[in-house]
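A short write-up of the structure that comes next.
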Protein chains: 2
Amino acid sequence: MTYTAVQYEMTELTWHAPAPKGSEVDVDLTASFTKDGRTVSVSGFYRGNETYSVRFLPEEAGEYSYEVSGVVRESGTLSVEKAKEGSHGMVRAKGTHFQYEDGTWFYPFGTTVYALLHQQGSLIDQTMKTLSASPFNKVRLCVFPKHYEYNHNDPEFYAFNKYKDAHHDKSMKHIWDTNHPCFAFWDRIEARLRELGDMGIQADLILFHPYDCWGFSQLTREEALTYLDYAVRRLSAFPNLWWSLANEYDLMSCSMDDWNAIAHFIHTHDPYGHLLSNHQIVKPWDFANEATSHICLQLPVVDEVRDFILKYKKPMMIDECRYEGNLPQGWGNLSGFEMVNRFWKVVTQGGYCTHGEVFLQKTDGYRGASADAAAPAGGKNSSANEKPLGQTMAGKADASFGDTPLAPDNASDHDDEVLWWAKGGVLHGESPARIGFLKKIVESLPGPLTYGCHVPTMEEVREMKKHAPKDVDPFSFLGALLRMDDNGALALAKSGCGFEGKVYARDTESTESDDTVLADLKYFDTQCTVIGEIDLPDSGIYDIDLIDVWNMTRKTVLRGMSGHVRVPMPGQEGMALLALRRS
Amino acid sequence: MTYTAVQYEMTELTWHAPAPKGSEVDVDLTASFTKDGRTVSVSGFYRGNETYSVRFLPEEAGEYSYEVSGVVRESGTLSVEKAKEGSHGMVRAKGTHFQYEDGTWFYPFGTTVYALLHQQGSLIDQTMKTLSASPFNKVRLCVFPKHYEYNHNDPEFYAFNKYKDAHHDKSMKHIWDTNHPCFAFWDRIEARLRELGDMGIQADLILFHPYDCWGFSQLTREEALTYLDYAVRRLSAFPNLWWSLANEYDLMSCSMDDWNAIAHFIHTHDPYGHLLSNHQIVKPWDFANEATSHICLQLPVVDEVRDFILKYKKPMMIDECRYEGNLPQGWGNLSGFEMVNRFWKVVTQGGYCTHGEVFLQKTDGYRGASADAAAPAGGKNSSANEKPLGQTMAGKADASFGDTPLAPDNASDHDDEVLWWAKGGVLHGESPARIGFLKKIVESLPGPLTYGCHVPTMEEVREMKKHAPKDVDPFSFLGALLRMDDNGALALAKSGCGFEGKVYARDTESTESDDTVLADLKYFDTQCTVIGEIDLPDSGIYDIDLIDVWNMTRKTVLRGMSGHVRVPMPGQEGMALLALRRS
């Protein structure tokens with residue numbers, strides 16, 4: 001047969017054949033696609049109704065020969081036309097950054113909608129519309145439904161059918177027969193993955209998570225690998241797919257051996273080598289693992305981004321740095337500014353950050369800088385005067401409470417509210433616009449931002465101490481280093497490293513040569529300085545912009561600068577300097 | 001002879017006798033004061049002009065007999081009248097808090113003026129006036145002058161005379177003859193310590209520090225102990241004195257053996273046992289040391305206050321959590337809110353915090369929440385347009401820079417500006433008023449705030465894991481703990497511990513019995529929640545105030561509460577709840 005396809009776009013070959021007798025996952029169907037002596041082998045999958053498919057993602061344009069064997073036998077030609085404009089292929093790790101297959105840099109600005117795929121269609125549609133108008137180009141979302149506070153709804157479809165004899169006890173073991181997928185579920189999630197792809201959004205697909213009441217967190221290793229086999233057969237050819245082994249893997253009952261087996265399985269079965277990582281609550285995954293393409297962390301204090309990048313020399317995603325919102329839970333009540341602040345800190349350390357949002361019953365009264373702007377929610381007459389939230393005994397509120405902003409009296413954390421972080425819907429927060437502002441700045445640069453300051457290692461500190469002159473000035477920096485023990489000296493040596501990303505000449509990540517610094521973005525965090533110091537190479541000429549990250553202003557304040565520059569600053573939080581090389 | 005004195009006030013006996021032949025420190029003069037069979041022995045000191053004094057701090061009212069021996073021989077009676085109203089005696093450690101000798105609690109709200117004693121008299125007078133109108137009741141200040149950025153002035157007097165053959169080389173060794181004090185210096189600092197005492201301000205006297213160009217940081221151990229001998233003889237009888245061995249001891253060239261000798265010397269020579277601690281830059285002092293009465297830390301991230309208190313079971317001072325200001329240096333540009341925020345976090349963990357302030361050339365334009373409010377400094381016409389700060393090559397600023405707030409073009413960090421943190425003067429910041437607001441709240445409580453939540457230890461977590469049932473619900477908190485390794489489980493177990501100080505029934509620090517909870521102050525930090533959860537004992541009835549720590553408002557919002565209470569909150573940073581037991 002002769003088929004046509006488009007470079008960087010999934011193509012699908014489909015046949016009818018008798019349904020499998022046993023497993024509907026481990027079916028005998030493989031295809032190989034060959035071009036210029038290079039062959040890509042893929043496994044096909046059964047999709048119900050006596051229908052089988054093979055999916056292939058052509059990474060090059062031109063003529064491929066293909067050969068299908070197993071329950072279907074066929075060979076022929078696949079003619080692949082050149083990628084459409086704006087289609088860049090899969091995203092891969094490139095040094096400590098991300099790049100599309102065509103060489104275009106990809107700067108992830110992600111958000112989080114864990115249970116996006118398990119909501120009603122109208123809500124998913126609304127979420128997609130919100131995403132399309134947002135700055136976000138990546139979304140973290142789960143294959144399995146989420147059971148947690150604010151999440152108590154059952155989805156319409158599950159990924160697999162239950163064992164015929166399944167009974168749901170406290171252990172939640174042996175419920176799901178992963179050899180028998182629920183085809184409607186997979187059809188549906190694929191449609192959403194395609195939609196995301198059409199919007200240019202990467203789907204960071206979370207394969208496991210602990211927030212479960214259905215039994216998906218309690219699969220045996222064998223059941224789990226069967227599930228992954230099906231997922232890899234069906235989904236690998238999606239160009240916008242990333243594999244996230246888990247959300248908070250270390251809360252689950254799998255052993256490290258299980259996790260390594262899972263990572264290894266995906267790594268060896270995914271023919272394209274999609275990005276793969278794993279996400280912790282406490283104990284970071286071993287990012288040196290060969291299956292792992294990049295670093296993923298949950299990290300509320302984002303000062304160590306640079307250390308992780310330097311240690312693993314892989315791209316760095318902060319998957320979760322807590323969420324903008326107004327929840328009582330500590331993970332869900334960042335101010336808009338603090339969410340934006342974390343993005344800037346991560347990006348200027350050469351990493352990438354992820355947004356999330358959780359606003360209870362949002363009205364303008366519950367957020368914002370001024371208490372005066374606050375008002376009781378939803379125009380209701382009721383207030384906490386009559387009915388304080390969830391107290392355990394009857395009490396009487398003071399009448400003078402009337403002018404204090406009130407939370408709505410039905411704002412219980414056991415209600416199933418539509419919070420963006422799990423269910424999607426619309427965005428209420430103040431951070432997305434500012435994240436978009438940062439994204440535009442980053443995308444305007446000639447290349448990715450790599451951490452600019454040299455972060456010393458213990459070894460370097462030890463070397464310095466060993467080779468330092470004996471009669472060093474007792475209060476010089478070196479003198480202080482010499483007197484401290486190793487840990488102290490390392491802490492002191494690191495203490496001056498702020499947040500500063502530099503763009504080196506394209507494809508150069510060397511921080512050694514000053515000549516390659518095309519841009520330098522220094523972020524001052526919450527520091528209210530009136531003098532912004534920035535060190536530029538003496539060999540270049542730079543113009544310097546002052547950036548207000550919250551008010552989203554950017555203004556060139558100095559031109560023709562080199563070397564150490566002291567820039568007047570307004571003495572406020574959330575300021576940055578961007579130096580761009582002019583010559 | 002018969003003398004009179006007042007309880008809790010220093011009394012001084014003075015005689016003329018020939019000047020010492022050798023050391024002017026190690027003079028042969030001791031006095032013992034006896035009452036009810038208890039004797040306090042003190043060493044006298046030489047003060048120049050053939051004059052010797054003995055100082056004594058009577059801790060009880062009534063008749064003392066005394067006996068002086070050495071270069072003076074005399075005995076007689078000291079008649080001590082009862083303390084004046086408002087005079088409470090020395091401050092001592094009491095459990096994990098501070099208490100005056102008469103049993104009144106002392107809640108330190110300190111500030112920092114390192115080189116206060118080394119400025120011109122008019123500036124010191126101004127500082128004293130500022131202090132008297134401020135909320136601060138403790139000040140950190142150095143015996144030796146300070147050499148550092150913004151501090152390049154020589155003082156009028158030094159503590160000691162130089163060796164006759166001293167020559168000032170790079171090592172700064174053997175310059176100061178500590179056996180020969182400069183009496184004018186000591187007279188002068190004592191006058192200031194008295195002034196502070198009269199204002200009810202504790203003097204936290206820093207005995208050593210590394211920021212030196214004169215040689216005081218390079219005393220030999222023998223020279224140092226001679227200096228301390230003189231300081232103890234002269235100053236121990238000051239009721240408002242605290243000993244701080246050093247500012248940033250671990251930056252100095254002394255060995256740990258030296259530091260232990262210093263601590264031991266003071267501990268054994270000070271007849272009254274004034275509060276004593278030591279202050280680090282990186283490596284905390286060993287607060288278990290028997291000479292050490294309380295914990296002192298430099299700690300910018302103040303979340304671990306509770307851990308230190310639980311570990312050492314001593315009172316906790318955060319001496320330094322960075323400073324409110326607008327400097328380029330990372331330690332000197334906290335917003336006013338962040339300084340206030342750290343105070344609240346420390347206080348609601350049962351600790352005590354210290355203020356400091358560093359504003360360069362302050363005008364209203366350099367701080368504050370809004371860029372619009374900013375204006376060029378000091379009404380000057382000059383701006384960075386003509387003269388950018390300290391750049392290394394000529395550059396031209398953009399004309400559009402005019403509406404960006406500018407730093408004054410002479411605001412160099414090498415200028416010797418009068419910054420409060422070292423030199424005093426006047427306060428410019430926004431935090432002192434808010435610190436005063438917090439102080440009033442704390443002083444209105446029936447006793448000190450002790451950390452309210454139980455912070456688990458590794459051992460407790462291990463025990464919990466050992467004795468947990470095997471078939472625990474896999475996603476319960478306990479289930480998650482069980483699956484994690486020790487470090488992970490400890491981190492998880494600690495993760496829910498926020499900032500909550502409880503006042504237990506006076507003199508009870510037990511966190512075990514709910515019945516003793518007289519008040520509960522919970523601080524929500526930067527969390528923008530609309531629901532404030534607070535757990536009160538079921539056995540009491542409480543009224544709950546909502547506190548806005550920045551706008552300094554306090555309003556009773558719920559009355560007659562018990563148990564778990566959910567309080568409506570405005571969804572803004574810097575909110576606290578104070579529950580007061582009504583019955």
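Within each chain, counting starts at residue 1; across the structure tokens, chains are named A, B, ... in the order shown, with ligands numbered 1 upward in that order.
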Item to check | Polymer residues at most 9 Å from range 421-423 of chain B, only C-alpha atoms, same-chain spacing of 2 or more positions, as a ChimeraX atom specification | outcome: /B:111-119,123-124,127,141,146,150-151,323,355-358,417-419,425
Next on the checklist: Taking 6 positions as the minimum chain separation for residues in the same chain, which residues sit within 7 Å of Ser32 in chain A when counting only C-alpha atoms? Answer as a VMD selection string.
Outcome noted: chain A and resid 39 to 42 66 to 68
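The closest residue to Phe343 in chain A, picked from A:Gly540, A:Gly48, A:Pro239, A:Gly574 and counting only C-alpha atoms, is A:Gly574.
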Item to check | helix (DSSP H, G or I) call set, DSSP backbone run, range 55-248 of chain A, as a PyMOL selection string | outcome: chain A and resi 116-118+121-132+183-198+216-218+221-235
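For range 216-228 of chain A, the residues within 7 Å (counting only C-alpha atoms, excluding itself and residues fewer than 5 positions away along the chain) are Val25, Phe144, Met172, Lys173, His174, Thr178, Asn179, Phe208, His209, Pro210, Asp258 and Ile262 of chain A.
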Item to check | Test item: residues at most 8 Å from Cys497 in chain B, only C-alpha atoms, excluding those fewer than 3 positions along its chain, as a PyMOL selection string | outcome: chain B and resi 453-455+494
Filtering to C-alpha atoms, could you give me those residues as a short mmCIF file (atom, residue, chain, number, x, y, z; two decimals), in the first residue's frame?
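This went into again_39.cif:
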```
data_model
loop_
_atom_site.label_atom_id
_atom_site.label_comp_id
_atom_site.auth_asym_id
_atom_site.auth_seq_id
_atom_site.Cartn_x
_atom_site.Cartn_y
_atom_site.Cartn_z
CA CYS B 453 2.11 22.42 67.65
CA HIS B 454 3.98 19.28 68.43
CA VAL B 455 7.01 19.02 66.17
CA LYS B 494 6.73 18.11 60.10
#
```
